[in-house]
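First the structure, in the form of structure tokens, and then the observations on it.
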Amino acid sequence: MINFTVGPVMSSDAVRAIGAEQVPYFRTSEFSELMLENEQLVKKFAHASKNSRVVFLTCSGSGGMEAAIMNCLTKQDKALVVNGGSFGERFVELLTLHEIPFAEIKLEHGKALKPEHLASYEGGGYTAFLLQKHETSTGVHYDINMVSDFCKRNGCFLIVDAISSFLCDPFDMDALGAGVMITGSQKALACPPGIAIMALAPSALKRIENAKCCCQYLDLKLALKNQERGQTPWTPAVGVLRQINARLKEIDAEGGDSAEIARTACLADYFRNKIKQFDLPFEIISESLSNAVTPLHPTTQSAFEIFLKLKDEYGIWICPNGGDMKDKVFRVGHIGCLTENDYDKLIEAFVDLQKRGVI
Ligand SMILES: *Cc1c(COP(=O)(O)O)cnc(C)c1O
């Protein structure tokens with residue numbers, strides 16, 4: 001199988017080997033040390049300020065999104081949220097559920113965020129801003145510098161869902177003045193699912209300290225207190241945290257976040273050039289691409305049919321879309337343990353489908 005989806009993705013041999021080992025007991029100094037190392041490496045790769053903290057929650061990325069809202073926002077906030085696809089929609093649903101007042105910037109699928117979208121909210125008394133750095137469902141990479149400038153001018157607390165963007169596109173948490181950065185174990189970290197990671201700037205730590213979280217399991221006060229000694233309040237996904245440790249050290253040894261971002265960008269370019277070179281009947285639908293994924297609209301066949309054919313007849317997984325994008329869009333990911341050779345095989349399969357008259 002070759003997996004070009006956007007998570008879970010292909011893991012390195014070292015990460016997979018850990019998955020085959022017995023899961024150790026975790027209230028030990030060895031595990032604490034590993035967790036403190038995980039915190040330091042995530043801080044380093046996120047370019048978080050010295051006094052920032054990192055916590056590891058046993059839940060998927062969405063749990064991190066909900067924890068951010070429950071622990072950092074209150075009914076006194078007035079939030080602004082960008083909704084350009086299914087993950088932006090999830091923030092909207094969470095703000096509604098937790099009764100945080102908000103306004104929504106709704107974007108058409110595939111469209112970039114532009115200054116005119118923000119202009120009417122300028123000076124509007126907004127206290128928080130939530131967005132995906134990369135809206136994975138449509139493959140749109142937002143202009144985070146523009147959002148950061150808006151937040152600095154307007155005094156907004158910035159919550160960034162970087163779940164599919166961390167280690168794929170440049171991200172400097174400190175320079176952006178972001179309060180929260182969220183990612184997950186099964187995207188570019190290329191580990192099994194199960195862990196949400198949150199980097200928290202001092203501004204977030206202050207909000208967490210002052211807010212009352214109405215959920216014990218996702219209470220970040222408890223997570224932060226325990227992580228001071230490299231522990232978690234509850235039994236975490238110990239095996240996945242050990243795999244994350246191996247992966248973070250692998251990335252560090254190979255040149256850190258910038259080298260990993262460059263590697264991902266090369267694979268994305270390689271694939272996008274091949275699509276053109278072979279004149280395949282696919283259109284790139286995003287106005288602003290992330291290195292993490294290429295969203296494609298096939299002009300001659302249903303996107304979902306192509307996904308099924310590749311999976312069932314070629315052992316290749318591209319990423320299908322849901323809802324009203326199901327037949328219009330499929331995505332090809334560039335995260336995980338992939339090589340140019342894997343893309344050659346994908347292109348070969350596309351060319352074969354074309355020869356067979358399927359596309
Ligand atoms: C994958 C993803 C999520 C959701 O993560 P889960 O681990 O499926 O809960 C949220 N936001 C973005 C941008 C994502 O790519």
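The way I read the labels, and the way they are meant: chains A, B, ... in the order of the structure tokens, residue 1 as the first residue of every chain, and ligand 1 as the first ligand shown, with later ones counted on from there.
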
Just the residues within 10 Å of segment 130-134 of chain A, please, counting only C-alpha atoms, with nothing from its chain fewer than 2 positions along; format it as a VMD selection string. chain A and resid 65 68 to 69 79 to 85 87 to 88 91 to 92 95 102 104 to 105 128 136 to 144 147 156 to 166 168 to 169 171 180 to 182 288 to 293

With only C-alpha atoms as the counted atoms, please give the residues lying no more than 7 Å from segment 34-49 of chain A, apart from itself and same-chain residues fewer than 5 positions off, as a PyMOL selection string. chain A and resi 54+171-174+199+201+230+245+248+256-257

Residue subset to file, keeping N, CA, C and O atoms, as a JSON list (two decimals), in the first residue's frame:
```json
[["chain", "number", "residue", "atom", "x", "y", "z"],
["A", 54, "VAL", "N", 4.25, 23.30, 26.38],
["A", 54, "VAL", "CA", 3.60, 22.38, 25.44],
["A", 54, "VAL", "C", 2.93, 21.28, 26.26],
["A", 54, "VAL", "O", 3.52, 20.77, 27.23],
["A", 171, "PHE", "N", 6.31, 28.24, 10.16],
["A", 171, "PHE", "CA", 5.45, 28.73, 11.24],
["A", 171, "PHE", "C", 6.34, 29.22, 12.37],
["A", 171, "PHE", "O", 7.13, 28.45, 12.91],
["A", 172, "ASP", "N", 6.22, 30.50, 12.71],
["A", 172, "ASP", "CA", 7.01, 31.07, 13.80],
["A", 172, "ASP", "C", 6.02, 31.63, 14.82],
["A", 172, "ASP", "O", 5.54, 32.76, 14.71],
["A", 173, "MET", "N", 5.73, 30.81, 15.81],
["A", 173, "MET", "CA", 4.69, 31.14, 16.78],
["A", 173, "MET", "C", 4.98, 32.46, 17.50],
["A", 173, "MET", "O", 4.08, 33.28, 17.69],
["A", 174, "ASP", "N", 6.23, 32.65, 17.88],
["A", 174, "ASP", "CA", 6.61, 33.84, 18.64],
["A", 174, "ASP", "C", 6.46, 35.10, 17.78],
["A", 174, "ASP", "O", 5.84, 36.08, 18.19],
["A", 199, "ALA", "N", 0.88, 23.92, 21.74],
["A", 199, "ALA", "CA", 1.91, 24.85, 22.21],
["A", 199, "ALA", "C", 1.17, 26.08, 22.74],
["A", 199, "ALA", "O", 0.26, 26.60, 22.08],
["A", 201, "ALA", "N", 1.51, 29.89, 24.44],
["A", 201, "ALA", "CA", 2.33, 31.07, 24.74],
["A", 201, "ALA", "C", 1.95, 31.60, 26.12],
["A", 201, "ALA", "O", 0.88, 31.24, 26.64],
["A", 230, "GLY", "N", 6.98, 16.23, 33.40],
["A", 230, "GLY", "CA", 6.96, 15.27, 32.30],
["A", 230, "GLY", "C", 5.91, 14.18, 32.45],
["A", 230, "GLY", "O", 6.11, 13.06, 31.99],
["A", 245, "ASN", "N", 8.45, 10.83, 20.14],
["A", 245, "ASN", "CA", 9.81, 11.15, 20.57],
["A", 245, "ASN", "C", 10.84, 10.73, 19.52],
["A", 245, "ASN", "O", 11.75, 11.50, 19.17],
["A", 248, "LEU", "N", 10.44, 13.11, 16.48],
["A", 248, "LEU", "CA", 10.96, 14.47, 16.71],
["A", 248, "LEU", "C", 12.49, 14.46, 16.66],
["A", 248, "LEU", "O", 13.11, 15.37, 16.10],
["A", 256, "GLY", "N", 16.04, 19.72, 11.50],
["A", 256, "GLY", "CA", 14.97, 20.45, 12.19],
["A", 256, "GLY", "C", 13.79, 20.78, 11.29],
["A", 256, "GLY", "O", 13.64, 20.22, 10.20],
["A", 257, "ASP", "N", 12.95, 21.70, 11.77],
["A", 257, "ASP", "CA", 11.69, 22.00, 11.07],
["A", 257, "ASP", "C", 11.93, 22.54, 9.67],
["A", 257, "ASP", "O", 11.22, 22.19, 8.73]]
```

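Among the candidates A:Leu57, A:Val6, A:Ile251, A:Leu205, the one nearest to ligand 1 when counting only C-alpha atoms and all ligand atoms is A:Val6.
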
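Going from atom CA of Glu116 of chain A to atom CA of Phe150 of chain A covers 11.9 Å.
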
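Proximity of A:Pro101, A:Pro170, A:Gly125, A:Pro320 to Phe304 of chain A, computed with only C-alpha atoms, is greatest for A:Pro320.
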
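Using only C-alpha atoms for every distance, the candidate list A:Cys72, A:Leu167, A:Cys319, A:Val240 yields A:Cys72 as the residue closest to Glu209 of chain A.
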
Determine which residues of segment 2-237 of chain A receive a DSSP assignment of helix (DSSP H, G or I), computed from the backbone, and state them as a ChimeraX atom specification. /A:13-19,29-46,61-72,86-97,115-119,144-154,173-176,202-210,220-227

I need the residues from that last selection saved to file as a compact mmCIF listing (two decimals), in the first residue's frame (with C-alpha atoms), if you can.
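File part.txt, as written:
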```
# COMPACT_ATOMS: atom_id res chain seq x y z
CA ASP A 13 10.69 2.20 10.00
CA ALA A 14 11.97 3.49 13.34
CA VAL A 15 8.50 4.73 14.32
CA ARG A 16 6.85 1.49 13.18
CA ALA A 17 9.36 -0.63 15.12
CA ILE A 18 8.34 1.12 18.35
CA GLY A 19 4.74 0.23 17.57
CA SER A 29 11.67 9.00 35.46
CA GLU A 30 12.49 7.53 32.01
CA PHE A 31 9.07 8.41 30.62
CA SER A 32 9.12 11.85 32.29
CA GLU A 33 12.44 12.59 30.63
CA LEU A 34 11.07 11.57 27.24
CA MET A 35 8.04 13.83 27.70
CA LEU A 36 10.18 16.80 28.68
CA GLU A 37 12.30 16.19 25.58
CA ASN A 38 9.10 16.07 23.48
CA GLU A 39 8.09 19.42 24.95
CA GLN A 40 11.46 21.02 24.15
CA LEU A 41 11.51 19.74 20.57
CA VAL A 42 7.95 20.87 19.81
CA LYS A 43 8.78 24.31 21.26
CA LYS A 44 11.85 24.46 19.06
CA PHE A 45 10.05 23.44 15.85
CA ALA A 46 7.08 25.75 16.53
CA GLY A 61 -6.56 16.88 16.95
CA SER A 62 -10.19 17.91 17.39
CA GLY A 63 -9.80 17.39 21.16
CA GLY A 64 -7.03 19.99 21.05
CA MET A 65 -9.36 22.40 19.21
CA GLU A 66 -12.05 21.93 21.85
CA ALA A 67 -9.55 22.19 24.73
CA ALA A 68 -8.31 25.51 23.31
CA ILE A 69 -11.83 26.94 23.27
CA MET A 70 -12.83 25.57 26.70
CA ASN A 71 -9.65 26.69 28.45
CA CYS A 72 -8.74 29.95 26.72
CA SER A 86 -14.99 21.49 7.22
CA PHE A 87 -12.34 22.32 9.84
CA GLY A 88 -13.34 26.00 9.99
CA GLU A 89 -16.91 24.74 10.34
CA ARG A 90 -15.78 22.64 13.33
CA PHE A 91 -14.48 25.77 15.11
CA VAL A 92 -17.85 27.43 14.41
CA GLU A 93 -19.69 24.44 15.91
CA LEU A 94 -17.43 24.43 18.98
CA LEU A 95 -17.86 28.17 19.58
CA THR A 96 -21.62 27.68 19.31
CA LEU A 97 -21.63 24.69 21.66
CA PRO A 115 -7.44 41.91 3.31
CA GLU A 116 -10.99 42.81 2.23
CA HIS A 117 -12.34 39.88 4.25
CA LEU A 118 -10.90 41.38 7.43
CA ALA A 119 -11.45 45.07 6.75
CA ILE A 144 -1.16 33.94 8.66
CA ASN A 145 1.03 37.07 8.59
CA MET A 146 -1.94 39.17 7.57
CA VAL A 147 -4.04 37.60 10.35
CA SER A 148 -1.25 38.11 12.86
CA ASP A 149 -1.03 41.82 11.92
CA PHE A 150 -4.79 42.15 12.35
CA CYS A 151 -4.58 40.47 15.78
CA LYS A 152 -1.72 42.72 16.90
CA ARG A 153 -3.57 45.87 15.79
CA ASN A 154 -6.84 44.77 17.40
CA MET A 173 4.69 31.14 16.78
CA ASP A 174 6.61 33.84 18.64
CA ALA A 175 6.94 36.23 15.67
CA LEU A 176 3.23 35.78 14.86
CA PRO A 202 2.42 33.03 28.03
CA SER A 203 -0.74 34.85 26.90
CA ALA A 204 -2.51 31.48 26.73
CA LEU A 205 -1.10 30.36 30.10
CA LYS A 206 -2.63 33.49 31.65
CA ARG A 207 -6.02 32.82 30.10
CA ILE A 208 -5.92 29.16 31.21
CA GLU A 209 -5.05 30.23 34.75
CA ASN A 210 -8.05 32.58 34.90
CA LEU A 220 -5.27 22.32 30.66
CA LYS A 221 -4.44 23.49 34.20
CA LEU A 222 -4.08 19.82 35.13
CA ALA A 223 -2.16 18.98 31.96
CA LEU A 224 0.25 21.87 32.54
CA LYS A 225 0.78 21.05 36.21
CA ASN A 226 1.62 17.42 35.39
CA GLN A 227 3.79 18.24 32.38
```

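Atom 11 (N, counted along the ligand's line) of ligand 1 lies 17.0 Å from atom CA of Ser286 of chain A.
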
Atom-to-atom span, atom CA of Glu283 of chain A and atom CA of Thr183 of chain A, Å: 28.7 Å

Find the spatial neighbours of Thr235 of chain A, counting only C-alpha atoms, within a cut-off of 10 Å - ignore same-chain residues fewer than 5 positions away - and output them as a list in words. Tyr25, Phe26, Arg27 and Thr58 of chain A

Take the residues just selected and output them with C-alpha atoms as a PDB file, in the first residue's frame.
```pdb
ATOM      1  CA  TYR A  25       4.577   1.565  32.484  1.00  0.00           C
ATOM      2  CA  PHE A  26       4.802   5.349  32.442  1.00  0.00           C
ATOM      3  CA  ARG A  27       5.008   6.787  35.970  1.00  0.00           C
ATOM      4  CA  THR A  58      -4.641  11.808  24.537  1.00  0.00           C
TER       5      THR A  58
END
```

Using only C-alpha atoms and all ligand atoms, can you tell me which of A:Gly177, A:Pro193, A:Gly110, A:Pro233 comes closest to ligand 1? A:Pro193

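For the set A:Val9, A:Ile285, A:Ile100, A:Leu241, the residue with the smallest atom-to-atom gap to Lys75 of chain A is A:Ile100, counting only C-alpha atoms.
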
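Residue nearest Leu218 of chain A within the list A:Phe56, A:Tyr121, A:Phe4, A:Tyr343: A:Phe56 [criterion: smallest interatomic distance, only C-alpha atoms].
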